>>> print(open('target_15.pdb').read())   # PDB, C-alpha atoms
ATOM      1  CA  MET H   1       0.580  -4.109 -25.596
ATOM      2  CA  SER H   2       0.812  -7.881 -26.115
ATOM      3  CA  ARG H   3      -1.358 -10.697 -24.859
ATOM      4  CA  SER H   4      -0.751 -14.362 -24.200
ATOM      5  CA  THR H   5      -3.722 -15.589 -26.246
ATOM      6  CA  PRO H   6      -4.268 -14.975 -29.988
ATOM      7  CA  ALA H   7      -6.023 -11.745 -30.881
ATOM      8  CA  PRO H   8      -9.435 -12.105 -32.541
ATOM      9  CA  PRO H   9      -9.721 -11.011 -36.181
ATOM     10  CA  ALA H  10     -11.761  -7.931 -35.186
ATOM     11  CA  SER H  11      -8.716  -6.433 -33.419
ATOM     12  CA  ARG H  12      -6.373  -6.750 -36.404
ATOM     13  CA  HIS H  13      -7.164  -3.433 -38.002
ATOM     14  CA  SER H  14      -4.151  -1.797 -39.600
ATOM     15  CA  VAL H  15      -3.281   1.507 -37.945
ATOM     16  CA  ASP H  16       0.378   1.584 -38.993
ATOM     17  CA  ALA H  17      -0.290   3.003 -42.458
ATOM     18  CA  ALA H  18       0.641   6.662 -42.803
ATOM     19  CA  TRP H  19      -2.934   7.655 -43.589
ATOM     20  CA  GLY H  20      -4.139   6.132 -40.354
ATOM     21  CA  VAL H  21      -1.703   7.760 -37.944
ATOM     22  CA  ARG H  22      -0.908  11.069 -39.623
ATOM     23  CA  VAL H  23      -3.116  13.751 -41.134
ATOM     24  CA  ASP H  24      -2.649  13.712 -44.896
ATOM     25  CA  LEU H  25      -3.489  16.868 -46.870
ATOM     26  CA  PRO H  26      -4.615  15.049 -50.073
ATOM     27  CA  THR H  27      -7.068  13.012 -47.970
ATOM     28  CA  LEU H  28      -8.477  16.206 -46.473
ATOM     29  CA  LEU H  29      -8.837  17.719 -49.945
ATOM     30  CA  ALA H  30     -10.733  14.633 -51.095
ATOM     31  CA  GLN H  31     -13.365  15.230 -48.409
ATOM     32  CA  ARG H  32     -14.714  17.955 -50.693
ATOM     33  CA  PHE H  33     -16.671  15.317 -52.612
ATOM     34  CA  ALA H  34     -18.105  13.640 -49.500
ATOM     35  CA  ALA H  35     -19.196  17.069 -48.207
ATOM     36  CA  ARG H  36     -21.780  17.330 -50.979
ATOM     37  CA  ALA H  37     -24.128  15.229 -48.866
ATOM     38  CA  LEU H  38     -23.981  17.642 -45.914
ATOM     39  CA  ASP H  39     -25.501  21.052 -45.187
ATOM     40  CA  LEU H  40     -24.633  23.304 -42.279
ATOM     41  CA  PRO H  41     -27.479  24.804 -40.232
ATOM     42  CA  GLY H  42     -28.892  27.929 -41.816
ATOM     43  CA  ALA H  43     -27.031  27.434 -45.080
ATOM     44  CA  ARG H  44     -28.568  28.604 -48.338
ATOM     45  CA  ARG H  45     -27.096  29.756 -51.605
ATOM     46  CA  SER H  46     -26.453  33.423 -52.369
ATOM     47  CA  ALA H  47     -27.084  34.787 -55.822
ATOM     48  CA  GLY H  48     -24.830  37.826 -55.387
ATOM     49  CA  ALA H  49     -21.079  37.734 -55.719
ATOM     50  CA  HIS H  50     -20.459  39.553 -52.442
ATOM     51  CA  ALA H  51     -23.647  39.087 -50.428
ATOM     52  CA  GLY H  52     -23.273  36.471 -47.717
ATOM     53  CA  PRO H  53     -25.924  33.771 -47.331
ATOM     54  CA  HIS H  54     -26.818  34.526 -43.730
ATOM     55  CA  ALA H  55     -28.852  37.443 -42.481
ATOM     56  CA  SER H  56     -27.146  39.671 -39.960
ATOM     57  CA  ARG H  57     -28.746  41.329 -36.971
ATOM     58  CA  PHE H  58     -28.183  44.742 -38.527
ATOM     59  CA  ARG H  59     -31.129  46.431 -40.174
ATOM     60  CA  GLY H  60     -30.751  48.480 -43.294
ATOM     61  CA  ARG H  61     -31.218  48.485 -47.053
ATOM     62  CA  GLY H  62     -30.404  44.929 -48.089
ATOM     63  CA  VAL H  63     -31.879  41.997 -49.954
ATOM     64  CA  ASP H  64     -34.514  40.549 -47.605
ATOM     65  CA  TYR H  65     -37.728  42.314 -46.598
ATOM     66  CA  LEU H  66     -38.031  42.367 -42.803
ATOM     67  CA  GLU H  67     -41.094  44.457 -41.840
ATOM     68  CA  SER H  68     -42.908  47.752 -42.333
ATOM     69  CA  ARG H  69     -43.114  50.521 -39.772
ATOM     70  CA  GLY H  70     -44.489  54.037 -39.622
ATOM     71  CA  TYR H  71     -42.692  56.570 -41.798
ATOM     72  CA  GLN H  72     -40.119  58.716 -39.970
ATOM     73  CA  PRO H  73     -38.506  61.955 -41.199
ATOM     74  CA  GLY H  74     -35.377  61.085 -43.149
ATOM     75  CA  ASP H  75     -36.607  57.707 -44.422
ATOM     76  CA  ASP H  76     -35.925  57.031 -48.093
ATOM     77  CA  ILE H  77     -39.181  57.628 -49.960
ATOM     78  CA  ARG H  78     -38.219  54.824 -52.357
ATOM     79  CA  ASN H  79     -38.891  52.381 -49.507
ATOM     80  CA  ILE H  80     -42.457  53.502 -48.811
ATOM     81  CA  ASP H  81     -44.762  50.501 -48.466
ATOM     82  CA  TRP H  82     -47.718  51.736 -50.547
ATOM     83  CA  ARG H  83     -49.959  48.788 -49.711
ATOM     84  CA  VAL H  84     -49.680  49.224 -45.947
ATOM     85  CA  THR H  85     -49.890  52.991 -46.380
ATOM     86  CA  ALA H  86     -53.149  52.678 -48.325
ATOM     87  CA  ARG H  87     -54.592  50.161 -45.887
ATOM     88  CA  SER H  88     -53.734  52.091 -42.725
ATOM     89  CA  GLY H  89     -54.099  55.635 -44.027
ATOM     90  CA  ARG H  90     -50.651  56.504 -42.618
ATOM     91  CA  PRO H  91     -47.312  56.392 -44.505
ATOM     92  CA  HIS H  92     -45.214  53.312 -43.778
ATOM     93  CA  THR H  93     -41.629  52.430 -44.740
ATOM     94  CA  LYS H  94     -40.243  49.015 -45.646
ATOM     95  CA  LEU H  95     -37.285  47.747 -43.619
ATOM     96  CA  PHE H  96     -34.835  45.266 -45.057
ATOM     97  CA  GLN H  97     -32.497  42.803 -43.376
ATOM     98  CA  GLU H  98     -28.943  42.898 -44.596
ATOM     99  CA  GLU H  99     -27.187  39.643 -45.403
ATOM    100  CA  ARG H 100     -23.636  38.977 -44.306
ATOM    101  CA  GLU H 101     -21.314  36.004 -44.421
ATOM    102  CA  ARG H 102     -21.278  33.765 -41.376
ATOM    103  CA  SER H 103     -18.080  32.343 -39.885
ATOM    104  CA  VAL H 104     -17.646  28.634 -39.181
ATOM    105  CA  LEU H 105     -14.901  28.023 -36.618
ATOM    106  CA  LEU H 106     -13.274  24.619 -36.085
ATOM    107  CA  LEU H 107     -11.417  23.922 -32.813
ATOM    108  CA  LEU H 108      -8.994  20.975 -33.138
ATOM    109  CA  ASP H 109      -7.551  19.169 -30.119
ATOM    110  CA  HIS H 110      -3.962  17.909 -30.583
ATOM    111  CA  SER H 111      -3.399  16.601 -27.054
ATOM    112  CA  PRO H 112      -1.316  13.393 -26.748
ATOM    113  CA  SER H 113      -4.456  11.332 -26.038
ATOM    114  CA  MET H 114      -5.723  12.162 -29.534
ATOM    115  CA  ARG H 115      -2.832  10.218 -31.063
ATOM    116  CA  PHE H 116      -4.428   6.862 -30.290
ATOM    117  CA  GLY H 117      -6.642   4.445 -32.153
ATOM    118  CA  THR H 118      -7.191   0.721 -32.534
ATOM    119  CA  ARG H 119      -9.743   0.851 -35.356
ATOM    120  CA  HIS H 120      -9.089   2.314 -38.781
ATOM    121  CA  CYS H 121      -7.168   5.427 -37.647
ATOM    122  CA  PHE H 122      -6.062   7.617 -34.744
ATOM    123  CA  LYS H 123      -8.572   9.924 -33.092
ATOM    124  CA  SER H 124      -6.497  12.857 -34.359
ATOM    125  CA  VAL H 125      -6.880  11.679 -37.966
ATOM    126  CA  GLN H 126     -10.618  11.115 -37.599
ATOM    127  CA  ALA H 127     -10.998  14.599 -36.094
ATOM    128  CA  ALA H 128      -9.131  16.182 -39.007
ATOM    129  CA  GLN H 129     -11.272  14.335 -41.555
ATOM    130  CA  ALA H 130     -14.458  15.478 -39.817
ATOM    131  CA  ALA H 131     -13.111  19.043 -39.703
ATOM    132  CA  ALA H 132     -12.338  18.897 -43.429
ATOM    133  CA  LEU H 133     -15.897  17.786 -44.153
ATOM    134  CA  LEU H 134     -17.235  20.724 -42.155
ATOM    135  CA  ALA H 135     -14.840  23.137 -43.871
ATOM    136  CA  TRP H 136     -15.913  22.082 -47.366
ATOM    137  CA  THR H 137     -19.570  22.092 -46.340
ATOM    138  CA  ALA H 138     -19.176  25.643 -45.035
ATOM    139  CA  THR H 139     -17.579  26.710 -48.316
ATOM    140  CA  ARG H 140     -20.434  25.209 -50.320
ATOM    141  CA  GLY H 141     -22.905  27.213 -48.229
ATOM    142  CA  GLY H 142     -21.051  30.488 -48.772
ATOM    143  CA  ASP H 143     -19.667  30.620 -45.214
ATOM    144  CA  ARG H 144     -16.242  31.755 -44.112
ATOM    145  CA  VAL H 145     -14.208  29.063 -42.351
ATOM    146  CA  GLY H 146     -11.451  29.360 -39.765
ATOM    147  CA  ALA H 147      -9.674  27.058 -37.319
ATOM    148  CA  VAL H 148      -8.016  26.995 -33.894
ATOM    149  CA  GLY H 149      -5.437  24.350 -32.977
ATOM    150  CA  PHE H 150      -4.368  23.568 -29.417
ATOM    151  CA  GLY H 151      -2.490  21.022 -27.324
ATOM    152  CA  SER H 152       0.839  19.136 -27.568
ATOM    153  CA  GLY H 153       2.983  21.952 -28.932
ATOM    154  CA  VAL H 154       0.137  23.515 -30.919
ATOM    155  CA  ASP H 155      -1.239  26.982 -30.206
ATOM    156  CA  ALA H 156      -2.315  28.556 -33.492
ATOM    157  CA  GLU H 157      -5.223  29.897 -35.477
ATOM    158  CA  VAL H 158      -6.422  30.496 -39.018
ATOM    159  CA  ARG H 159      -8.669  33.514 -39.281
ATOM    160  CA  PRO H 160     -11.966  32.816 -41.093
ATOM    161  CA  GLY H 161     -11.757  33.207 -44.847
ATOM    162  CA  GLY H 162     -14.240  32.671 -47.645
ATOM    163  CA  GLY H 163     -14.295  30.440 -50.693
ATOM    164  CA  PRO H 164     -12.151  27.387 -51.498
ATOM    165  CA  ARG H 165      -9.050  29.389 -50.649
ATOM    166  CA  GLY H 166     -10.305  29.872 -47.079
ATOM    167  CA  ALA H 167     -10.991  26.140 -46.713
ATOM    168  CA  LEU H 168      -7.590  25.257 -48.184
ATOM    169  CA  ARG H 169      -5.794  27.483 -45.676
ATOM    170  CA  CYS H 170      -7.531  25.617 -42.858
ATOM    171  CA  LEU H 171      -6.748  22.174 -44.253
ATOM    172  CA  ARG H 172      -3.071  23.023 -44.704
ATOM    173  CA  ALA H 173      -3.017  24.177 -41.098
ATOM    174  CA  LEU H 174      -4.604  20.909 -39.918
ATOM    175  CA  ALA H 175      -1.841  18.896 -41.584
ATOM    176  CA  GLN H 176       0.847  21.240 -40.242
ATOM    177  CA  TRP H 177      -0.520  21.151 -36.685
ATOM    178  CA  ASP H 178      -0.647  17.352 -36.754
ATOM    179  CA  ALA H 179       3.031  17.252 -37.732
ATOM    180  CA  GLN H 180       3.861  19.663 -34.895
ATOM    181  CA  ALA H 181       1.996  17.482 -32.405
ATOM    182  CA  GLN H 182       4.089  14.455 -33.372
ATOM    183  CA  ALA H 183       7.260  16.227 -32.213
ATOM    184  CA  PRO H 184       6.045  18.991 -29.879
ATOM    185  CA  SER H 185       8.501  21.787 -29.159
ATOM    186  CA  GLY H 186       6.400  23.203 -26.313
ATOM    187  CA  ALA H 187       3.383  22.605 -24.127
ATOM    188  CA  GLY H 188       0.856  24.195 -26.479
ATOM    189  CA  ALA H 189      -2.462  25.696 -25.394
ATOM    190  CA  ASP H 190      -5.071  23.965 -23.273
ATOM    191  CA  LEU H 191      -8.770  23.827 -24.075
ATOM    192  CA  SER H 192      -9.631  26.834 -21.919
ATOM    193  CA  ALA H 193      -7.086  29.006 -23.764
ATOM    194  CA  ALA H 194      -8.337  27.709 -27.112
ATOM    195  CA  LEU H 195     -11.902  28.681 -26.227
ATOM    196  CA  GLN H 196     -10.694  32.180 -25.311
ATOM    197  CA  ARG H 197      -8.986  32.458 -28.692
ATOM    198  CA  ALA H 198     -12.159  31.252 -30.410
ATOM    199  CA  LEU H 199     -14.145  33.987 -28.658
ATOM    200  CA  ARG H 200     -11.863  36.578 -30.239
ATOM    201  CA  LEU H 201     -12.308  35.086 -33.710
ATOM    202  CA  ALA H 202     -16.013  34.208 -33.643
ATOM    203  CA  ARG H 203     -18.454  36.979 -34.432
ATOM    204  CA  PRO H 204     -22.054  36.944 -33.206
ATOM    205  CA  GLY H 205     -23.945  34.288 -35.154
ATOM    206  CA  SER H 206     -20.884  32.134 -35.837
ATOM    207  CA  PHE H 207     -21.081  28.335 -35.903
ATOM    208  CA  SER H 208     -18.299  26.836 -33.732
ATOM    209  CA  VAL H 209     -17.427  23.133 -33.568
ATOM    210  CA  LEU H 210     -15.010  21.666 -31.019
ATOM    211  CA  LEU H 211     -13.393  18.358 -32.037
ATOM    212  CA  SER H 212     -11.801  16.699 -28.997
ATOM    213  CA  ASP H 213     -11.774  13.499 -26.947
ATOM    214  CA  GLY H 214     -12.486  15.580 -23.842
ATOM    215  CA  PHE H 215      -9.400  14.393 -21.950
ATOM    216  CA  SER H 216      -7.934  17.915 -21.918
ATOM    217  CA  ALA H 217     -11.071  19.516 -20.475
ATOM    218  CA  GLY H 218     -10.818  21.042 -17.009
ATOM    219  CA  GLU H 219     -13.165  22.994 -14.813
ATOM    220  CA  GLY H 220     -11.843  26.221 -16.356
ATOM    221  CA  ILE H 221     -13.721  25.602 -19.602
ATOM    222  CA  GLU H 222     -17.167  26.424 -18.201
ATOM    223  CA  ALA H 223     -17.086  30.227 -18.555
ATOM    224  CA  PRO H 224     -15.534  30.496 -22.058
ATOM    225  CA  LEU H 225     -17.644  27.605 -23.378
ATOM    226  CA  ALA H 226     -20.800  29.279 -22.085
ATOM    227  CA  ARG H 227     -19.824  32.578 -23.728
ATOM    228  CA  LEU H 228     -19.121  30.824 -27.019
ATOM    229  CA  ALA H 229     -22.513  29.080 -26.876
ATOM    230  CA  ARG H 230     -24.260  32.397 -26.268
ATOM    231  CA  GLN H 231     -22.404  34.060 -29.122
ATOM    232  CA  GLY H 232     -23.646  31.644 -31.776
ATOM    233  CA  GLU H 233     -24.425  28.017 -32.549
ATOM    234  CA  THR H 234     -21.954  25.655 -30.899
ATOM    235  CA  ALA H 235     -21.448  21.892 -31.142
ATOM    236  CA  VAL H 236     -18.945  19.326 -29.860
ATOM    237  CA  VAL H 237     -17.650  16.277 -31.721
ATOM    238  CA  LEU H 238     -16.383  13.861 -29.061
ATOM    239  CA  LEU H 239     -13.689  11.558 -30.442
ATOM    240  CA  GLN H 240     -13.362   8.076 -28.977
ATOM    241  CA  ASP H 241     -11.989   4.639 -29.766
ATOM    242  CA  PRO H 242     -13.794   1.319 -29.279
ATOM    243  CA  LEU H 243     -11.042   0.196 -26.882
ATOM    244  CA  GLU H 244     -11.949   3.159 -24.632
ATOM    245  CA  LEU H 245     -15.592   2.116 -24.527
ATOM    246  CA  ALA H 246     -15.093  -1.563 -23.668
ATOM    247  CA  ALA H 247     -12.296  -3.516 -22.058
ATOM    248  CA  PRO H 248      -9.973  -5.605 -24.262
ATOM    249  CA  PRO H 249     -10.818  -9.277 -24.809
ATOM    250  CA  ARG H 250     -10.025 -11.725 -22.014
ATOM    251  CA  GLY H 251      -6.321 -12.345 -21.576
ATOM    252  CA  HIS H 252      -3.015 -11.204 -20.063
ATOM    253  CA  TYR H 253      -1.538  -7.985 -21.470
ATOM    254  CA  ASP H 254       2.016  -6.729 -21.061
ATOM    255  CA  VAL H 255       2.175  -2.935 -21.075
ATOM    256  CA  LEU H 256       5.251  -0.695 -21.174
ATOM    257  CA  LEU H 257       4.401   2.389 -19.088
ATOM    258  CA  ASP H 258       7.024   5.079 -18.443
ATOM    259  CA  GLY H 259       9.788   2.570 -19.094
ATOM    260  CA  GLU H 260       8.317   0.037 -16.672
ATOM    261  CA  ARG H 261       6.742  -3.209 -17.841
ATOM    262  CA  ARG H 262       3.415  -4.055 -16.227
ATOM    263  CA  GLN H 263       0.897  -6.853 -16.727
ATOM    264  CA  PHE H 264      -2.871  -6.570 -16.746
ATOM    265  CA  GLU H 265      -5.391  -9.373 -16.797
ATOM    266  CA  PHE H 266      -8.752  -8.695 -18.406
ATOM    267  CA  GLY H 267     -11.833 -10.853 -18.233
ATOM    268  CA  SER H 268     -12.710 -10.225 -14.611
ATOM    269  CA  GLY H 269     -15.580  -7.832 -13.921
ATOM    270  CA  LYS H 270     -13.503  -5.671 -11.562
ATOM    271  CA  MET H 271     -10.668  -4.944 -13.990
ATOM    272  CA  ASP H 272     -13.009  -4.469 -16.956
ATOM    273  CA  ALA H 273     -15.203  -2.023 -15.017
ATOM    274  CA  ALA H 274     -12.164  -0.038 -13.826
ATOM    275  CA  TRP H 275     -10.908   0.202 -17.433
ATOM    276  CA  THR H 276     -14.102   1.666 -18.870
ATOM    277  CA  ARG H 277     -14.652   3.891 -15.818
ATOM    278  CA  ALA H 278     -11.191   5.450 -16.197
ATOM    279  CA  PHE H 279     -11.925   6.583 -19.762
ATOM    280  CA  ARG H 280     -15.469   7.633 -18.900
ATOM    281  CA  ASP H 281     -14.218   9.846 -16.079
ATOM    282  CA  ARG H 282     -11.800  11.637 -18.416
ATOM    283  CA  ARG H 283     -14.656  12.549 -20.761
ATOM    284  CA  ALA H 284     -17.070  13.479 -17.979
ATOM    285  CA  VAL H 285     -16.150  17.172 -17.572
ATOM    286  CA  LEU H 286     -16.806  18.067 -21.198
ATOM    287  CA  GLU H 287     -19.942  15.928 -21.398
ATOM    288  CA  THR H 288     -21.334  17.509 -18.226
ATOM    289  CA  GLN H 289     -20.699  21.042 -19.472
ATOM    290  CA  CYS H 290     -22.387  20.284 -22.796
ATOM    291  CA  ARG H 291     -25.486  18.964 -21.046
ATOM    292  CA  ARG H 292     -25.576  21.948 -18.701
ATOM    293  CA  LEU H 293     -25.274  24.463 -21.554
ATOM    294  CA  GLY H 294     -27.522  22.604 -24.003
ATOM    295  CA  ILE H 295     -24.684  22.134 -26.501
ATOM    296  CA  PRO H 296     -25.237  19.260 -28.960
ATOM    297  CA  LEU H 297     -22.577  16.563 -28.551
ATOM    298  CA  LEU H 298     -21.809  13.920 -31.160
ATOM    299  CA  PRO H 299     -19.724  10.839 -30.239
ATOM    300  CA  LEU H 300     -17.455   9.970 -33.175
ATOM    301  CA  ALA H 301     -15.513   6.699 -33.011
ATOM    302  CA  THR H 302     -12.391   5.965 -35.000
ATOM    303  CA  ASP H 303     -14.246   3.329 -37.014
ATOM    304  CA  ASP H 304     -17.281   5.519 -37.808
ATOM    305  CA  ALA H 305     -17.955   7.017 -41.239
ATOM    306  CA  PRO H 306     -17.542  10.731 -40.376
ATOM    307  CA  GLU H 307     -19.965  12.024 -43.015
ATOM    308  CA  GLN H 308     -22.785   9.848 -41.648
ATOM    309  CA  ALA H 309     -22.081  10.836 -38.054
ATOM    310  CA  LEU H 310     -21.918  14.553 -38.883
ATOM    311  CA  ARG H 311     -25.254  14.333 -40.654
ATOM    312  CA  GLN H 312     -26.777  13.283 -37.322
ATOM    313  CA  LEU H 313     -25.168  16.233 -35.558
ATOM    314  CA  LEU H 314     -26.291  18.817 -38.104
ATOM    315  CA  ARG H 315     -29.822  17.415 -37.930
ATOM    316  CA  ALA H 316     -29.953  18.727 -34.353
ATOM    317  CA  PHE H 317     -29.786  22.259 -35.761
ATOM    318  CA  ALA H 318     -32.520  21.667 -38.360
ATOM    319  CA  PRO H 319     -35.168  23.740 -36.508
ATOM    320  CA  HIS H 320     -32.868  26.773 -36.774
ATOM    321  CA  ARG H 321     -32.251  26.574 -40.518
ATOM    322  CA  GLY H 322     -32.911  29.837 -42.242
ATOM    323  CA  ALA H 323     -33.929  31.463 -38.964
ATOM    324  CA  ARG H 324     -31.164  34.059 -38.926
TER     325      ARG H 324
END
>>> encode(input="target_15.pdb", output="structure tokens")
Amino acid sequence: MSRSTPAPPASRHSVDAAWGVRVDLPTLLAQRFAARALDLPGARRSAGAHAGPHASRFRGRGVDYLESRGYQPGDDIRNIDWRVTARSGRPHTKLFQEERERSVLLLLDHSPSMRFGTRHCFKSVQAAQAAALLAWTATRGGDRVGAVGFGSGVDAEVRPGGGPRGALRCLRALAQWDAQAQAPSGAGADLSAALQRALRLARPGSFSVLLSDGFSAGEGIEAPLARLARQGETAVVLLQDPLELAAPPRGHYDVLLDGERRQFEFGSGKMDAAWTRAFRDRRAVLETQCRRLGIPLLPLATDDAPEQALRQLLRAFAPHRGAR
């Protein structure tokens, strides 16, 4: 796109550097340090080597006291609650809540619209950096982390794994999927198919985060998105670029579209309104579904600091911390 009048300094952000247009594995690895300022909902440290930091819905002999109930034949006498027994005059048994690792699942959109950005980096790069922050944050909290990639020749998954090795497998996949999306060899999966894959990977109580600009969302996402939200905590990070939120500065722009050169003139209210409405309409399906299902949605622009934006998103889950 070119214009007949000089571009203002604010529009001269460099996006031609490799780090701005392609996902770089060393950059994703470096997000480990920025992740120290974040905490996922419900995260707390585990003292045991194998005990996960999140309580499961299964009851049994574990690490956390749950409640006491009347003694039943076959109960382990070592679990008798002597205080309640003495107070009530009837034998009572302590029940414990077992702790298990939770899975954090990252869904990455690689549709062609994600390979766009006029500030700092492409939406695809910003999404990968945010996903890396979440992956390292999950690892710090003792969670298992997995990923699902879809769109533009990408249809793949990384099953949730624990520890730094699990996070590293995801980050390598993010870089690999981005390279595939640059030269797609097939159509890839759409958002509805990706949500179906996520449902197979996510166990009850999982924390799933979709990172997308919403352009690939169709009406078919309602049912799988609702099931995913019921299965565990779910959030959406909505990628966007400042040029999608407001029309370009006043001027004439030459655009090459499908091999045909066209000219647009911005500065008139009609053209500017049509520009912003076109992008708003493409995001509307995903935004509407999130509102309907009560799923927290975080707008993340290409010139935002992802760690600061994610802190706002995770704050929405604060009332649920430690509630599992």
>>> residues_around(input="target_15.pdb", residues="H:Ala305", least_positions_apart="3", cutoff="10 Å", atoms="only C-alpha atoms", output="PyMOL selection string")
chain H and resi 126+129-130+300-302+308-310
>>> residues_around(input="target_15.pdb", residues="H:Leu174", least_positions_apart="6", cutoff="12 Å", atoms="only C-alpha atoms", output="ChimeraX atom specification")
/H:22-29,106-110,124-132,135,146-150,154-158,167-168,180-181
>>> atom_distance(input="target_15.pdb", atom1="atom CA of H:Val236", atom2="atom CA of H:Val209")
5.5 Å
>>> resolve_selection(input="target_15.pdb", expression="the PyMOL selection byres ((chain H and resi 187-192) around 9)", output="list in words")
Asp109, His110, Ser111, Gly149, Phe150, Gly151, Ser152, Gly153, Val154, Asp155, Ala156, Pro184, Ser185, Gly186, Ala193, Ala194, Leu195, Gln196, Arg197, Ser216, Ala217, Gly218, Glu219, Gly220, Ile221, Glu222, Ala223, Pro224 and Leu225 of chain H
>>> write_last_selection(input="target_15.pdb", atoms="C-alpha atoms", output="CSV table (one decimal), keeping the file's coordinate frame")
chain,number,residue,atom,x,y,z
H,109,ASP,CA,-7.6,19.2,-30.1
H,110,HIS,CA,-4.0,17.9,-30.6
H,111,SER,CA,-3.4,16.6,-27.1
H,149,GLY,CA,-5.4,24.4,-33.0
H,150,PHE,CA,-4.4,23.6,-29.4
H,151,GLY,CA,-2.5,21.0,-27.3
H,152,SER,CA,0.8,19.1,-27.6
H,153,GLY,CA,3.0,22.0,-28.9
H,154,VAL,CA,0.1,23.5,-30.9
H,155,ASP,CA,-1.2,27.0,-30.2
H,156,ALA,CA,-2.3,28.6,-33.5
H,184,PRO,CA,6.0,19.0,-29.9
H,185,SER,CA,8.5,21.8,-29.2
H,186,GLY,CA,6.4,23.2,-26.3
H,193,ALA,CA,-7.1,29.0,-23.8
H,194,ALA,CA,-8.3,27.7,-27.1
H,195,LEU,CA,-11.9,28.7,-26.2
H,196,GLN,CA,-10.7,32.2,-25.3
H,197,ARG,CA,-9.0,32.5,-28.7
H,216,SER,CA,-7.9,17.9,-21.9
H,217,ALA,CA,-11.1,19.5,-20.5
H,218,GLY,CA,-10.8,21.0,-17.0
H,219,GLU,CA,-13.2,23.0,-14.8
H,220,GLY,CA,-11.8,26.2,-16.4
H,221,ILE,CA,-13.7,25.6,-19.6
H,222,GLU,CA,-17.2,26.4,-18.2
H,223,ALA,CA,-17.1,30.2,-18.6
H,224,PRO,CA,-15.5,30.5,-22.1
H,225,LEU,CA,-17.6,27.6,-23.4
>>> closest_residue(input="target_15.pdb", among="H:Trp136, H:Phe266, H:Phe215, H:Tyr253", to="H:Arg282", atoms="only C-alpha atoms")
H:Phe215
>>> atom_distance(input="target_15.pdb", atom1="atom CA of H:Leu210", atom2="atom CA of H:Ala235")
6.4 Å
>>> resolve_selection(input="target_15.pdb", expression="the PyMOL selection byres ((chain H and resi 246) around 10)", output="PyMOL selection string")
chain H and resi 241-245+247-249+272-273+275-277+279
